[in-house]
Amino acid sequence: MCGIVGYVGPRNAAEIILEGLRRLEYRGYDSAGIAVVRDGEIEVRRDVGKLSNLARCLDEQPVEGNIGVGHTRWATHGKPSERNAHPHADSEGQLVVVQNGIVENFRELRAELEAEGIEFRSDTDTEVIAHLIGLYYHGDASLEAAVRQAMAQLRGPSAIVALSKREPGILVTARLGNAGGVAVGYGEGEMFIASDMPAILEHTRRMVFLESRQMAVVSQDGAAFSTLEGKPLQPKLHNISWDPVSAAKGEYKHFMQKEIFEQANSLTDTIRGRVDLGRGEVYLEQVTLTQRQAQDLTQLVSVACGTSFHSELVGAFMFERLARLPVRVEYASEFRYREPVLDDKTLMLAITQSGETVDTLAAMEEGRAHGSHLVSIVNVIGSAAARVSDSVVYMHTGPEIGVASTKAFTASLVDQYLLAVHLGALRGTLPVDERRRLLDDLARLPDLVGRLLDPANVPMYERLAQTFFHYTNFLYLGRGINFPIALEGALKLKEISYIHAEGYPAGEMKHGPIALIDENMPVVVVAPQDRVYDKMISQVEQVRARGGIVIAVADEDDDFIATKAQHVIRIPKASELLSPVLTVVPLQLLAYYVAVRRGADVDQPRNLAKSVTVE
């Protein structure tokens, strides 16, 4: 997720772009930059850190011009630094490019460009695009044609804007794949480009949205649209009536709903650029653990709170099975109040969406004091957890506004899976053929999640909400790797609907909770056809025998469970280690639609905060 703003018109582009970037800073805040054309030259200002640093730079070294482009960065290739900040120029300095997305084949392209004698000035994949455009931008070639040829060389989702001093009256923007959106805004004698509507809503409500494999040449007087193959287009012009907050939600009623339905894309972003399916390799650039260190590890201690704790309970299955490493999962809020056994052969994993959760930070300090290698999975670049860690895996989900975590939960599951495969390779517990199979399973996951999130399924959840919104107690049951999903499903219902719900290991039901079951107790069972499926069916039978109401999350081809449960939510079949990503999504949707039916404040539930920074 990165923020892009472009402008061409009679006003000072720098001022308009900077204000637009402020509205997009949530999309990236490790560096920022701006470029404008003035007197036939491109002037660039860039700085590392938050946008305020760029603003200070512009105060000290002002730039003016009637056309320009700006960018806020969320790093994918290359650490946050001024040299890696956008915009990036070609080798001759005749053009600059900003990008939102990932060039999956950037290593191959960079090697080819370096063989041509081109010297790179950054570690980013975006600089590859600038040099490719530059290669094609000679003689009578137009910027439009050069961009079209360059985009044909790229693999992976990418949205770009290019600016040239040779053609100082136009911006060229293009979109490839499912990278963040591109909005082209129509003003009065001026035009705008943005990766998200809030950046330009102050100036225009008339917008065209680029689809994959489309591009636009934008001038002060309008825009010409075409496919990347050169076919002219006449896209629909939308009149946006939303206020800025509503625009950020788009078509959705709540941020939580939006974030649930973003999960196919957020998981794609989480995986993108990190796997080589052919070689069976995982690339986690900021995981610094060496092969020797990995082989010397004697334990993995996971610390987290709330939803992240449930994620780590799932991750324990991954690390033990794939990396053959003993795992302890601990509540971060309790961890430091005893004398935990840690040493320099301990890998400590912390998961925190914000990176600022005080209990988790305190637990990490305990690990630091004992010489443990700290690895964090976080969603906020430059957060406290990221800064104190030896290794970091960023979620790449974009901002999560809803207090009840959804897409950060599924992203953290996938990040642990990637880390477990990586550790398995380092420790020699996963042969390459097995790694290829595991990564092939992962590559199919976003599509499976997308099937779950088909809008055609929404009426089913609305019917379930209508049936169950007035109940006051729920029991959630799961076994094996899906027991933590029962905990997470119960937590989601509690958080946003204020219905009491309890998650329990299904095998423990007969040791107490079974006394609660009657016709007033809906029981949600997480029952994919895995190694404990037969045991789950036994628990379903016990619930039915006592008059309980069963809502089952089950595989789409499981006809048997329909004879046992009153309500069945179908999910696509996935590998056992990845099944929690699919089983949790229906529980998120169930909680959401029940809460909406009860009239609850879904995005800001009472008594809760997004980041808990006090004990």
# chains A, B, ... in the order shown; residues from 1 in each chain; ligands from 1

call {"tool": "residues_around", "arguments": {"residues": "region 365-377 of chain A", "least_positions_apart": "2", "cutoff": "7 Å", "atoms": "only C-alpha atoms", "output": "list in words"}}
result
Arg336, Leu342, Asp343, Asp344, Lys345, Thr346, Leu347, Met348, Leu349, Ala350, Ile351, Thr352, Leu361, Ala362, Ala363, Ala385, Ala386, Ser389, Asp390, Ser391, Val392, Val393, Tyr394, Met395 and Ser412 of chain A

call {"tool": "residues_around", "arguments": {"residues": "Glu19 (chain A)", "least_positions_apart": "5", "cutoff": "10 Å", "atoms": "only C-alpha atoms", "output": "PyMOL selection string"}}
result
chain A and resi 5+14+24+55+199-200+202

call {"tool": "write_last_selection", "arguments": {"atoms": "all heavy atoms", "output": "PDB file, in the first residue's frame"}}
result
ATOM      1  N   VAL A   5      -0.416  10.864  -5.580  1.00  0.00           N
ATOM      2  CA  VAL A   5      -1.218  12.018  -5.973  1.00  0.00           C
ATOM      3  C   VAL A   5      -0.522  12.694  -7.148  1.00  0.00           C
ATOM      4  O   VAL A   5       0.701  12.897  -7.119  1.00  0.00           O
ATOM      5  CB  VAL A   5      -1.390  13.035  -4.827  1.00  0.00           C
ATOM      6  CG1 VAL A   5      -2.255  14.202  -5.293  1.00  0.00           C
ATOM      7  CG2 VAL A   5      -1.996  12.386  -3.605  1.00  0.00           C
ATOM      8  N   ALA A  14       2.748  21.565  -6.130  1.00  0.00           N
ATOM      9  CA  ALA A  14       3.357  21.071  -4.896  1.00  0.00           C
ATOM     10  C   ALA A  14       2.396  21.177  -3.716  1.00  0.00           C
ATOM     11  O   ALA A  14       2.294  20.253  -2.897  1.00  0.00           O
ATOM     12  CB  ALA A  14       4.655  21.830  -4.603  1.00  0.00           C
ATOM     13  N   LEU A  24      -3.593  10.607   2.458  1.00  0.00           N
ATOM     14  CA  LEU A  24      -3.238   9.231   2.117  1.00  0.00           C
ATOM     15  C   LEU A  24      -2.103   8.686   2.984  1.00  0.00           C
ATOM     16  O   LEU A  24      -1.615   7.584   2.721  1.00  0.00           O
ATOM     17  CB  LEU A  24      -2.810   9.144   0.647  1.00  0.00           C
ATOM     18  CG  LEU A  24      -3.867   9.457  -0.412  1.00  0.00           C
ATOM     19  CD1 LEU A  24      -3.285   9.237  -1.805  1.00  0.00           C
ATOM     20  CD2 LEU A  24      -5.109   8.612  -0.224  1.00  0.00           C
ATOM     21  N   ALA A  55       7.285  17.783   4.397  1.00  0.00           N
ATOM     22  CA  ALA A  55       6.748  19.146   4.488  1.00  0.00           C
ATOM     23  C   ALA A  55       7.816  20.118   4.973  1.00  0.00           C
ATOM     24  O   ALA A  55       7.937  21.242   4.462  1.00  0.00           O
ATOM     25  CB  ALA A  55       5.540  19.152   5.423  1.00  0.00           C
ATOM     26  N   ALA A 199      -7.913  11.667  -1.338  1.00  0.00           N
ATOM     27  CA  ALA A 199      -6.832  12.613  -1.635  1.00  0.00           C
ATOM     28  C   ALA A 199      -7.298  13.781  -2.489  1.00  0.00           C
ATOM     29  O   ALA A 199      -6.737  14.875  -2.411  1.00  0.00           O
ATOM     30  CB  ALA A 199      -5.692  11.883  -2.338  1.00  0.00           C
ATOM     31  N   ILE A 200      -8.332  13.584  -3.305  1.00  0.00           N
ATOM     32  CA  ILE A 200      -8.723  14.631  -4.257  1.00  0.00           C
ATOM     33  C   ILE A 200     -10.190  15.034  -4.145  1.00  0.00           C
ATOM     34  O   ILE A 200     -10.662  15.860  -4.931  1.00  0.00           O
ATOM     35  CB  ILE A 200      -8.409  14.193  -5.709  1.00  0.00           C
ATOM     36  CG1 ILE A 200      -9.093  12.871  -6.060  1.00  0.00           C
ATOM     37  CG2 ILE A 200      -6.897  14.076  -5.896  1.00  0.00           C
ATOM     38  CD1 ILE A 200      -8.874  12.427  -7.502  1.00  0.00           C
ATOM     39  N   GLU A 202     -11.594  16.963  -2.145  1.00  0.00           N
ATOM     40  CA  GLU A 202     -11.709  18.393  -1.869  1.00  0.00           C
ATOM     41  C   GLU A 202     -11.793  19.202  -3.161  1.00  0.00           C
ATOM     42  O   GLU A 202     -12.361  20.297  -3.185  1.00  0.00           O
ATOM     43  CB  GLU A 202     -10.503  18.848  -1.039  1.00  0.00           C
ATOM     44  CG  GLU A 202     -10.490  20.329  -0.713  1.00  0.00           C
ATOM     45  CD  GLU A 202      -9.238  20.752   0.030  1.00  0.00           C
ATOM     46  OE1 GLU A 202      -8.453  19.864   0.448  1.00  0.00           O
ATOM     47  OE2 GLU A 202      -9.033  21.970   0.194  1.00  0.00           O
TER      48      GLU A 202
END

call {"tool": "select_by_dssp", "arguments": {"residues": "region 434-613 of chain A", "states": "alpha helix (DSSP H)", "output": "PDB file with C-alpha atoms, in the first residue's frame"}}
result
ATOM      1  CA  GLU A 434       7.806 -30.230   0.236  1.00  0.00           C
ATOM      2  CA  ARG A 435       8.395 -26.472   0.257  1.00  0.00           C
ATOM      3  CA  ARG A 436       7.120 -26.226  -3.313  1.00  0.00           C
ATOM      4  CA  ARG A 437       3.944 -28.078  -2.337  1.00  0.00           C
ATOM      5  CA  LEU A 438       3.399 -25.849   0.688  1.00  0.00           C
ATOM      6  CA  LEU A 439       3.879 -22.686  -1.357  1.00  0.00           C
ATOM      7  CA  ASP A 440       1.615 -23.968  -4.131  1.00  0.00           C
ATOM      8  CA  ASP A 441      -1.074 -24.412  -1.466  1.00  0.00           C
ATOM      9  CA  LEU A 442      -0.456 -20.840  -0.334  1.00  0.00           C
ATOM     10  CA  ALA A 443      -0.627 -19.417  -3.857  1.00  0.00           C
ATOM     11  CA  ARG A 444      -4.173 -20.759  -4.217  1.00  0.00           C
ATOM     12  CA  LEU A 445      -5.352 -19.271  -0.936  1.00  0.00           C
ATOM     13  CA  PRO A 446      -6.396 -15.725  -2.026  1.00  0.00           C
ATOM     14  CA  ASP A 447      -8.658 -17.179  -4.709  1.00  0.00           C
ATOM     15  CA  LEU A 448     -10.328 -19.476  -2.158  1.00  0.00           C
ATOM     16  CA  VAL A 449     -10.892 -16.527   0.182  1.00  0.00           C
ATOM     17  CA  GLY A 450     -12.305 -14.555  -2.734  1.00  0.00           C
ATOM     18  CA  ARG A 451     -14.859 -17.318  -3.310  1.00  0.00           C
ATOM     19  CA  LEU A 452     -15.897 -17.116   0.336  1.00  0.00           C
ATOM     20  CA  VAL A 458     -24.303 -12.143   2.005  1.00  0.00           C
ATOM     21  CA  PRO A 459     -28.048 -12.995   2.176  1.00  0.00           C
ATOM     22  CA  MET A 460     -27.197 -16.237   3.979  1.00  0.00           C
ATOM     23  CA  TYR A 461     -25.389 -14.325   6.732  1.00  0.00           C
ATOM     24  CA  GLU A 462     -28.219 -11.822   6.957  1.00  0.00           C
ATOM     25  CA  ARG A 463     -30.682 -14.692   7.447  1.00  0.00           C
ATOM     26  CA  LEU A 464     -28.494 -16.204  10.163  1.00  0.00           C
ATOM     27  CA  ALA A 465     -28.281 -12.809  11.857  1.00  0.00           C
ATOM     28  CA  GLN A 466     -32.047 -12.446  11.766  1.00  0.00           C
ATOM     29  CA  THR A 467     -32.398 -15.891  13.354  1.00  0.00           C
ATOM     30  CA  PHE A 468     -29.812 -15.491  16.117  1.00  0.00           C
ATOM     31  CA  PHE A 483      -9.583 -24.771  18.032  1.00  0.00           C
ATOM     32  CA  PRO A 484      -8.031 -21.254  18.070  1.00  0.00           C
ATOM     33  CA  ILE A 485     -10.555 -20.271  15.393  1.00  0.00           C
ATOM     34  CA  ALA A 486     -13.337 -21.136  17.833  1.00  0.00           C
ATOM     35  CA  LEU A 487     -11.704 -18.743  20.306  1.00  0.00           C
ATOM     36  CA  GLU A 488     -11.410 -16.041  17.652  1.00  0.00           C
ATOM     37  CA  GLY A 489     -14.989 -16.490  16.454  1.00  0.00           C
ATOM     38  CA  ALA A 490     -16.294 -16.119  20.002  1.00  0.00           C
ATOM     39  CA  LEU A 491     -14.139 -13.039  20.570  1.00  0.00           C
ATOM     40  CA  LYS A 492     -15.454 -11.360  17.425  1.00  0.00           C
ATOM     41  CA  LEU A 493     -19.068 -11.907  18.476  1.00  0.00           C
ATOM     42  CA  LYS A 494     -18.351 -10.552  21.977  1.00  0.00           C
ATOM     43  CA  GLU A 495     -16.421  -7.540  20.737  1.00  0.00           C
ATOM     44  CA  ILE A 496     -18.942  -6.087  18.334  1.00  0.00           C
ATOM     45  CA  SER A 497     -22.386  -7.511  19.188  1.00  0.00           C
ATOM     46  CA  TYR A 533     -13.248 -34.502  11.643  1.00  0.00           C
ATOM     47  CA  ASP A 534     -14.737 -37.746  13.028  1.00  0.00           C
ATOM     48  CA  LYS A 535     -14.177 -36.514  16.572  1.00  0.00           C
ATOM     49  CA  MET A 536     -15.893 -33.210  15.738  1.00  0.00           C
ATOM     50  CA  ILE A 537     -18.914 -35.110  14.417  1.00  0.00           C
ATOM     51  CA  SER A 538     -19.079 -36.922  17.758  1.00  0.00           C
ATOM     52  CA  GLN A 539     -19.241 -33.552  19.545  1.00  0.00           C
ATOM     53  CA  VAL A 540     -21.977 -32.381  17.173  1.00  0.00           C
ATOM     54  CA  GLU A 541     -23.976 -35.501  18.048  1.00  0.00           C
ATOM     55  CA  GLN A 542     -23.614 -34.715  21.757  1.00  0.00           C
ATOM     56  CA  VAL A 543     -24.876 -31.160  21.233  1.00  0.00           C
ATOM     57  CA  ARG A 544     -27.868 -32.328  19.205  1.00  0.00           C
ATOM     58  CA  ALA A 545     -28.743 -34.973  21.808  1.00  0.00           C
ATOM     59  CA  SER A 579      -7.688 -24.088   6.670  1.00  0.00           C
ATOM     60  CA  PRO A 580      -7.931 -21.581   9.592  1.00  0.00           C
ATOM     61  CA  VAL A 581      -7.713 -18.704   7.084  1.00  0.00           C
ATOM     62  CA  LEU A 582     -10.883 -20.035   5.480  1.00  0.00           C
ATOM     63  CA  THR A 583     -12.755 -21.148   8.606  1.00  0.00           C
ATOM     64  CA  VAL A 584     -12.359 -17.779  10.324  1.00  0.00           C
ATOM     65  CA  VAL A 585     -13.868 -15.669   7.527  1.00  0.00           C
ATOM     66  CA  PRO A 586     -17.445 -16.998   7.999  1.00  0.00           C
ATOM     67  CA  LEU A 587     -17.141 -16.324  11.735  1.00  0.00           C
ATOM     68  CA  GLN A 588     -16.101 -12.733  11.025  1.00  0.00           C
ATOM     69  CA  LEU A 589     -19.101 -12.312   8.733  1.00  0.00           C
ATOM     70  CA  LEU A 590     -21.489 -13.951  11.205  1.00  0.00           C
ATOM     71  CA  ALA A 591     -20.342 -11.633  13.985  1.00  0.00           C
ATOM     72  CA  TYR A 592     -20.576  -8.598  11.712  1.00  0.00           C
ATOM     73  CA  TYR A 593     -24.118  -9.202  10.474  1.00  0.00           C
ATOM     74  CA  VAL A 594     -25.388 -10.143  13.953  1.00  0.00           C
ATOM     75  CA  ALA A 595     -23.909  -6.900  15.324  1.00  0.00           C
ATOM     76  CA  VAL A 596     -25.469  -4.861  12.516  1.00  0.00           C
ATOM     77  CA  ARG A 597     -28.846  -6.494  13.159  1.00  0.00           C
TER      78      ARG A 597
END

call {"tool": "atom_distance", "arguments": {"atom1": "CA of Ser91 (chain A)", "atom2": "CA of Ala152 (chain A)"}}
result
20.0 Å

call {"tool": "closest_residue", "arguments": {"among": "A:Ala506, A:Ala552, A:Leu419, A:Leu54", "to": "Gly480 (chain A)", "atoms": "only C-alpha atoms"}}
result
A:Ala506

call {"tool": "select_by_dssp", "arguments": {"residues": "region 282-380 of chain A", "states": "strand (DSSP E)", "output": "VMD selection string"}}
result
chain A and resid 282 299 to 304 327 to 331 346 to 352 373 to 378

call {"tool": "residues_around", "arguments": {"residues": "Thr227 (chain A)", "least_positions_apart": "4", "cutoff": "12 Å", "atoms": "only C-alpha atoms", "output": "list in words"}}
result
Glu144, Ala145, Val147, Arg148, Met151, Ala152, Thr173, Ala174, Arg175, Leu176, Leu210, Glu211, Ser212, Arg213, Gln214, Met215, Ala216, Val217, Lys231, Pro232, Leu233, Gln234 and Pro235 of chain A

call {"tool": "write_last_selection", "arguments": {"atoms": "C-alpha atoms", "output": "PDB file, in the first residue's frame"}}
result
ATOM      1  CA  GLU A 144       2.689   7.159 -23.541  1.00  0.00           C
ATOM      2  CA  ALA A 145       4.333   4.665 -25.891  1.00  0.00           C
ATOM      3  CA  VAL A 147       5.106   3.519 -20.622  1.00  0.00           C
ATOM      4  CA  ARG A 148       3.086   1.021 -22.648  1.00  0.00           C
ATOM      5  CA  MET A 151       4.428  -2.126 -18.588  1.00  0.00           C
ATOM      6  CA  ALA A 152       4.519  -5.064 -20.998  1.00  0.00           C
ATOM      7  CA  THR A 173      -0.802   6.661 -15.440  1.00  0.00           C
ATOM      8  CA  ALA A 174      -1.292   2.914 -15.865  1.00  0.00           C
ATOM      9  CA  ARG A 175      -2.609  -0.014 -13.882  1.00  0.00           C
ATOM     10  CA  LEU A 176      -1.610  -3.674 -14.122  1.00  0.00           C
ATOM     11  CA  LEU A 210      -8.734   2.614 -14.113  1.00  0.00           C
ATOM     12  CA  GLU A 211      -9.182  -1.143 -14.343  1.00  0.00           C
ATOM     13  CA  SER A 212      -6.356  -3.637 -14.797  1.00  0.00           C
ATOM     14  CA  ARG A 213      -4.441  -3.247 -18.059  1.00  0.00           C
ATOM     15  CA  GLN A 214      -5.710   0.278 -18.662  1.00  0.00           C
ATOM     16  CA  MET A 215      -3.850   3.590 -18.893  1.00  0.00           C
ATOM     17  CA  ALA A 216      -4.536   7.297 -19.253  1.00  0.00           C
ATOM     18  CA  VAL A 217      -2.713  10.318 -20.628  1.00  0.00           C
ATOM     19  CA  LYS A 231      -7.123   0.173 -27.844  1.00  0.00           C
ATOM     20  CA  PRO A 232      -8.971   3.479 -27.118  1.00  0.00           C
ATOM     21  CA  LEU A 233     -11.483   3.436 -24.253  1.00  0.00           C
ATOM     22  CA  GLN A 234     -14.369   5.609 -23.117  1.00  0.00           C
ATOM     23  CA  PRO A 235     -14.719   4.683 -19.426  1.00  0.00           C
TER      24      PRO A 235
END

call {"tool": "closest_residue", "arguments": {"among": "A:Val8, A:Val63, A:Ala130, A:Leu228", "to": "His88 (chain A)", "atoms": "only C-alpha atoms"}}
result
A:Ala130

call {"tool": "closest_residue", "arguments": {"among": "A:Glu320, A:Glu188, A:Glu556, A:Glu25", "to": "Thr72 (chain A)", "atoms": "only C-alpha atoms"}}
result
A:Glu25

call {"tool": "closest_residue", "arguments": {"among": "A:Glu116, A:Asp125, A:Glu104, A:Asp30", "to": "Cys2 (chain A)", "atoms": "only C-alpha atoms"}}
result
A:Asp30

call {"tool": "closest_residue", "arguments": {"among": "A:Thr298, A:Gln291, A:Ser142, A:Gln257", "to": "Ala425 (chain A)", "atoms": "only C-alpha atoms"}}
result
A:Gln291

call {"tool": "closest_residue", "arguments": {"among": "A:Asn100, A:Thr288, A:Ser81, A:Ser219", "to": "Asp196 (chain A)", "atoms": "only C-alpha atoms"}}
result
A:Asn100

call {"tool": "decode", "arguments": {"residues": "region 341-365 of chain A", "atoms": "N, CA and C atoms", "output": "mmCIF file, in the first residue's frame"}}
result
data_model
loop_
_atom_site.group_PDB
_atom_site.id
_atom_site.type_symbol
_atom_site.label_atom_id
_atom_site.label_comp_id
_atom_site.auth_asym_id
_atom_site.auth_seq_id
_atom_site.Cartn_x
_atom_site.Cartn_y
_atom_site.Cartn_z
ATOM 1 N N VAL A 341 11.590 -19.096 31.211
ATOM 2 C CA VAL A 341 12.860 -19.721 30.845
ATOM 3 C C VAL A 341 13.179 -19.340 29.403
ATOM 4 N N LEU A 342 14.133 -18.445 29.253
ATOM 5 C CA LEU A 342 14.537 -17.928 27.950
ATOM 6 C C LEU A 342 16.059 -17.880 27.893
ATOM 7 N N ASP A 343 16.609 -17.958 26.679
ATOM 8 C CA ASP A 343 18.054 -17.802 26.519
ATOM 9 C C ASP A 343 18.349 -17.409 25.078
ATOM 10 N N ASP A 344 19.634 -17.426 24.710
ATOM 11 C CA ASP A 344 20.013 -16.979 23.372
ATOM 12 C C ASP A 344 19.709 -18.020 22.297
ATOM 13 N N LYS A 345 19.168 -19.170 22.695
ATOM 14 C CA LYS A 345 18.716 -20.177 21.732
ATOM 15 C C LYS A 345 17.193 -20.202 21.624
ATOM 16 N N THR A 346 16.582 -19.138 22.145
ATOM 17 C CA THR A 346 15.127 -18.974 22.065
ATOM 18 C C THR A 346 14.786 -17.978 20.965
ATOM 19 N N LEU A 347 13.843 -18.339 20.138
ATOM 20 C CA LEU A 347 13.271 -17.396 19.184
ATOM 21 C C LEU A 347 11.973 -16.890 19.781
ATOM 22 N N MET A 348 11.878 -15.592 20.012
ATOM 23 C CA MET A 348 10.655 -15.008 20.553
ATOM 24 C C MET A 348 9.898 -14.317 19.435
ATOM 25 N N LEU A 349 8.644 -14.733 19.247
ATOM 26 C CA LEU A 349 7.779 -14.152 18.220
ATOM 27 C C LEU A 349 6.716 -13.294 18.884
ATOM 28 N N ALA A 350 6.585 -12.061 18.418
ATOM 29 C CA ALA A 350 5.532 -11.158 18.894
ATOM 30 C C ALA A 350 4.680 -10.738 17.715
ATOM 31 N N ILE A 351 3.356 -10.806 17.875
ATOM 32 C CA ILE A 351 2.435 -10.330 16.844
ATOM 33 C C ILE A 351 1.613 -9.192 17.435
ATOM 34 N N THR A 352 1.626 -8.056 16.757
ATOM 35 C CA THR A 352 0.846 -6.898 17.187
ATOM 36 C C THR A 352 0.537 -6.052 15.974
ATOM 37 N N GLN A 353 -0.753 -5.883 15.667
ATOM 38 C CA GLN A 353 -1.149 -5.123 14.485
ATOM 39 C C GLN A 353 -0.555 -3.725 14.506
ATOM 40 N N SER A 354 -0.696 -3.033 15.628
ATOM 41 C CA SER A 354 -0.238 -1.646 15.724
ATOM 42 C C SER A 354 1.260 -1.535 15.958
ATOM 43 N N GLY A 355 1.842 -2.573 16.563
ATOM 44 C CA GLY A 355 3.243 -2.492 16.960
ATOM 45 C C GLY A 355 3.472 -1.653 18.190
ATOM 46 N N GLU A 356 2.378 -1.253 18.866
ATOM 47 C CA GLU A 356 2.488 -0.374 20.030
ATOM 48 C C GLU A 356 1.815 -0.961 21.274
ATOM 49 N N THR A 357 1.374 -2.208 21.234
ATOM 50 C CA THR A 357 0.677 -2.815 22.371
ATOM 51 C C THR A 357 1.634 -2.943 23.551
ATOM 52 N N VAL A 358 1.327 -2.272 24.640
ATOM 53 C CA VAL A 358 2.281 -2.133 25.735
ATOM 54 C C VAL A 358 2.617 -3.475 26.372
ATOM 55 N N ASP A 359 1.647 -4.368 26.542
ATOM 56 C CA ASP A 359 1.927 -5.668 27.151
ATOM 57 C C ASP A 359 2.881 -6.486 26.279
ATOM 58 N N THR A 360 2.675 -6.436 24.975
ATOM 59 C CA THR A 360 3.539 -7.190 24.066
ATOM 60 C C THR A 360 4.947 -6.611 24.062
ATOM 61 N N LEU A 361 5.056 -5.296 24.078
ATOM 62 C CA LEU A 361 6.376 -4.666 24.127
ATOM 63 C C LEU A 361 7.120 -5.042 25.399
ATOM 64 N N ALA A 362 6.407 -5.097 26.521
ATOM 65 C CA ALA A 362 7.050 -5.473 27.781
ATOM 66 C C ALA A 362 7.540 -6.921 27.736
ATOM 67 N N ALA A 363 6.746 -7.809 27.144
ATOM 68 C CA ALA A 363 7.172 -9.204 27.010
ATOM 69 C C ALA A 363 8.403 -9.306 26.110
ATOM 70 N N MET A 364 8.447 -8.486 25.058
ATOM 71 C CA MET A 364 9.610 -8.497 24.172
ATOM 72 C C MET A 364 10.855 -8.029 24.903
ATOM 73 N N GLU A 365 10.704 -7.051 25.783
ATOM 74 C CA GLU A 365 11.846 -6.588 26.573
ATOM 75 C C GLU A 365 12.377 -7.699 27.469
#
